[in-house]
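Colleague: What follows is a structure written as structure tokens; I'll ask about it next.
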Amino acid sequence: MDGTRIKSLIIPVGGAVLLSGLAGAVYYYFNKEDEEEVNTSKSSGQRCVSTRVRVPVDVVGLVIGRQGSNIKLIQDRTNTKIDFSDEEVDGHRSCSIHGSEYSVCLAQQLILKAVKDQPVMETREMLVPQVAVGRIIGRGGNAIRQLSHSTGAKIIVEREEDRSIPLNYPEDMKKIVLKGSSEQIEAAKAQLLQKVAEEETMRQQISASAANMSLRARTRQTNQETEANQSPVSIGSPNHESLSPGSSERFLEAFVSAVESAAHFWIQLVGPQSVELDKLVTEMTEYYSNEETRELHSLDKVKEGSMVAAKFLDDNSWYRGRVCECLEEEGKGRQVNVYYVDFGDTETVKGDSVCELRTDFLRLSFQAIECFLANIIPESAKGDEAADAFEELTYAAQWRPVMVKVVGYRQEGVGTIPCVQIVDTNGPEDVDVAEELVKRGLAEYANGTSISTSAS
């Protein structure tokens with residue numbers, strides 16, 4: 001347009017920027033006196049000018065603000081119109097400012113002030129225990145995103161591929177890089193250390209819960225009983241979520257809770273649910289140990305597939321179970337074959353050791369996850385010697401964790417059962433269970449098997 005002057009201004013910016021910088025600059029400029037000056041300029045009859053500012057791409061978010069809040073604030077208070085081009089040239093985007101000469105100048109100053117007042121950005125590193133990384137990242141990265149949002153710091157967790165280079169710190173630790181101002185980094189560090197402390201507390205609780213669990217001898221199941229264990233039930237659900245197809249990208253901590261053979265077994269995932277299960281068993285045992293309570297929940301008839309509370313004879317504790325078979329229908333001599341849904345083993349118990357299950361005891365998902373051992377031919381590892389070796393290698397029912405990773409799935413009836421790789425990381429060297437069984441001549445590799453024993 002006639003009388004319009006075009007200026008260019010290049011704003012160099014190094015490093016990250018903060019949204020709060022521009023907001024602070026706007027507040028700084030728009031006190032009462034500045035508002036009066038702006039209002040005066042609106043009616044002063046100054047001619048309209050245009051200024052073009054090349055803004056580095058990493059500053060554009062600062063200027064525009066969340067949902068355009070910053071740019072709208074500048075426009076409203078300076079009576080200017082500001083437009084950003086979508087085109088990026090040499091790492092910059094063009095910003096055009098239209099308005100009176102005074103207003104355009106003020107808008108430029110706001111941007112310069114915000115850039116100038118940015119705090120010095122730092123980069124620091126810290127080490128955290130490997131076992132705490134899952135809690136720090138959270139499901140789907142939710143925890144680390146929230147932590148970064150609340151502190152303003154950028155948080156980068158060391159990638160697995162980066163650990164292939166020689167490390168100058170223990171292998172059970174993981175490096176986290178923090179970027180931001182000194183205050184942001186300190187805030188992020190404090191929250192990270194809190195996450196580590198929470199993980200340590202949880203692990204102490206898990207250890208205490210594991211110490212309460214009894215040893216559970218391997219059960220020799222008939223084919224009929226095994227098929228009954230796999231039959232679907234309408235109440236509750238197994239804790240399979242963490243062993244879904246997407247979980248095959250990482251190793252998970254687990255207890256091997258019951259063993260049918262070296263190729264067929266059940267696991268419990270280690271985590272907060274381990275503590276919840278211990279609390280549930282304690283609560284059920286206290287409840288059903290009362291004779292009046294058992295009388296109240298006594299069952300005249302027991303139906304196959306129904307959920308019950310059942311005593312485990314080896315420790316006199318009460319657990320959740322599913323009825324596989326009724327061996328005696330009536331009388332005190334009645335016996336019931338029960339599958340313990342949180343452990344995976346099956347026992348035959350007397351009828352007076354089976355009661356109606358209180359519905360609120362179903363609040364926790366079933367913890368036993370049926371699995372097959374990956375990378376071996378199942379039929380090659382079905383002998384007692386192989387099962388004994390498998391129990392030894394996996395600390396079966398000893399409540400000592402191993403690392404498991406989903407390799408594939410096996411179709412069984414209407415459902416699928418995960419095939420998992422198991423690695424024992426408790427010793428000085430990682431031991432792949434399938435590989436060790438093959439070395440001992442107790443199993444054979446499946447065709448095309450390639451095993452990686454790193455579960456770090």
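Just remember, in the structure tokens the first chain shown is A, the second B, etc., residues are 1-based per chain, and ligands are 1-based in the order shown.
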Find the residues around Glu87 of chain A up to 12 Å (only C-alpha atoms counted), leave out those fewer than 5 positions away in its own chain, and share them as number ranges by chain.
Modeller: A: 54-57, 92-95
Colleague: Mind dumping the selected residues with N, CA, C and O atoms as a PDB file, in the first residue's frame?
Modeller:
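Writing the result to selection_3.pdb gives the following:
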ATOM      1  N   ARG A  54      12.300 -12.101  10.813  1.00  0.00           N
ATOM      2  CA  ARG A  54      12.658 -13.508  10.609  1.00  0.00           C
ATOM      3  C   ARG A  54      12.947 -14.124  11.975  1.00  0.00           C
ATOM      4  O   ARG A  54      13.878 -13.722  12.669  1.00  0.00           O
ATOM      5  N   VAL A  55      12.135 -15.099  12.339  1.00  0.00           N
ATOM      6  CA  VAL A  55      12.220 -15.694  13.674  1.00  0.00           C
ATOM      7  C   VAL A  55      12.723 -17.128  13.563  1.00  0.00           C
ATOM      8  O   VAL A  55      12.178 -17.925  12.794  1.00  0.00           O
ATOM      9  N   PRO A  56      13.772 -17.486  14.313  1.00  0.00           N
ATOM     10  CA  PRO A  56      14.246 -18.877  14.301  1.00  0.00           C
ATOM     11  C   PRO A  56      13.113 -19.828  14.660  1.00  0.00           C
ATOM     12  O   PRO A  56      12.253 -19.529  15.493  1.00  0.00           O
ATOM     13  N   VAL A  57      13.117 -20.982  14.011  1.00  0.00           N
ATOM     14  CA  VAL A  57      12.025 -21.940  14.189  1.00  0.00           C
ATOM     15  C   VAL A  57      11.828 -22.314  15.647  1.00  0.00           C
ATOM     16  O   VAL A  57      10.700 -22.466  16.122  1.00  0.00           O
ATOM     17  N   HIS A  92      14.421 -20.422   9.686  1.00  0.00           N
ATOM     18  CA  HIS A  92      13.638 -19.282  10.157  1.00  0.00           C
ATOM     19  C   HIS A  92      12.255 -19.287   9.513  1.00  0.00           C
ATOM     20  O   HIS A  92      12.058 -19.829   8.430  1.00  0.00           O
ATOM     21  N   ARG A  93      11.309 -18.671  10.195  1.00  0.00           N
ATOM     22  CA  ARG A  93      10.004 -18.385   9.617  1.00  0.00           C
ATOM     23  C   ARG A  93       9.770 -16.879   9.670  1.00  0.00           C
ATOM     24  O   ARG A  93      10.173 -16.216  10.626  1.00  0.00           O
ATOM     25  N   SER A  94       9.127 -16.376   8.643  1.00  0.00           N
ATOM     26  CA  SER A  94       8.904 -14.940   8.542  1.00  0.00           C
ATOM     27  C   SER A  94       7.663 -14.535   9.325  1.00  0.00           C
ATOM     28  O   SER A  94       6.614 -15.171   9.239  1.00  0.00           O
ATOM     29  N   CYS A  95       7.803 -13.464  10.118  1.00  0.00           N
ATOM     30  CA  CYS A  95       6.701 -12.940  10.917  1.00  0.00           C
ATOM     31  C   CYS A  95       6.454 -11.497  10.485  1.00  0.00           C
ATOM     32  O   CYS A  95       7.344 -10.640  10.591  1.00  0.00           O
TER      33      CYS A  95
END
Colleague: Would you list the contacts of Ile377 of chain A as a list in words, taking every protein, DNA or RNA residue within 8 Å and counting only C-alpha atoms, but skipping same-chain residues closer than 5 positions in sequence?
Modeller: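 Contacts, in chain order: Ala443, Glu444, Tyr445 and Ala446 of chain A.
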Colleague: Quick one: write out the picked residues with C-alpha atoms as a JSON list (two decimals), in the first residue's frame?
Modeller:
[["chain", "number", "residue", "atom", "x", "y", "z"],
["A", 443, "ALA", "CA", 15.46, -79.79, 24.87],
["A", 444, "GLU", "CA", 15.91, -79.11, 21.17],
["A", 445, "TYR", "CA", 15.92, -75.81, 19.36],
["A", 446, "ALA", "CA", 13.05, -74.95, 17.07]]
Colleague: Considering only C-alpha atoms, return as a list in words whatever protein or nucleic-acid residues lie within 7 Å of segment 378-391 of chain A, sequence-local ones (same chain, fewer than 4 positions apart) excluded.
Modeller: Ser261, Ala262, Ala263, Tyr395, Ala396, Leu442, Ala443 and Glu444 of chain A
Colleague: Go ahead and write the selection's residues with C-alpha atoms as an mmCIF file, in the first residue's frame.
Modeller:
data_model
loop_
_atom_site.group_PDB
_atom_site.id
_atom_site.type_symbol
_atom_site.label_atom_id
_atom_site.label_comp_id
_atom_site.auth_asym_id
_atom_site.auth_seq_id
_atom_site.Cartn_x
_atom_site.Cartn_y
_atom_site.Cartn_z
ATOM 1 C CA SER A 261 6.732 -79.075 32.100
ATOM 2 C CA ALA A 262 9.828 -77.262 30.885
ATOM 3 C CA ALA A 263 7.758 -76.154 27.900
ATOM 4 C CA TYR A 395 13.438 -70.465 40.709
ATOM 5 C CA ALA A 396 9.919 -71.815 40.225
ATOM 6 C CA LEU A 442 17.055 -81.666 27.781
ATOM 7 C CA ALA A 443 15.459 -79.785 24.873
ATOM 8 C CA GLU A 444 15.912 -79.110 21.171
#
Colleague: If we count only C-alpha atoms, what is near segment 123-127 of chain A at a cut-off of 6 Å, once residues fewer than 2 positions away on the same chain are taken out, given as a list in words?
Modeller: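 So the residues in contact are Lys174, Lys175, Ile176, Val177, Leu178 and Lys179 of chain A.
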Colleague: Kindly give the distance, in Å, that separates atom CA of Lys113 of chain A and atom CA of Thr51 of chain A, rounded to a single decimal.
Modeller: 16.9 Å
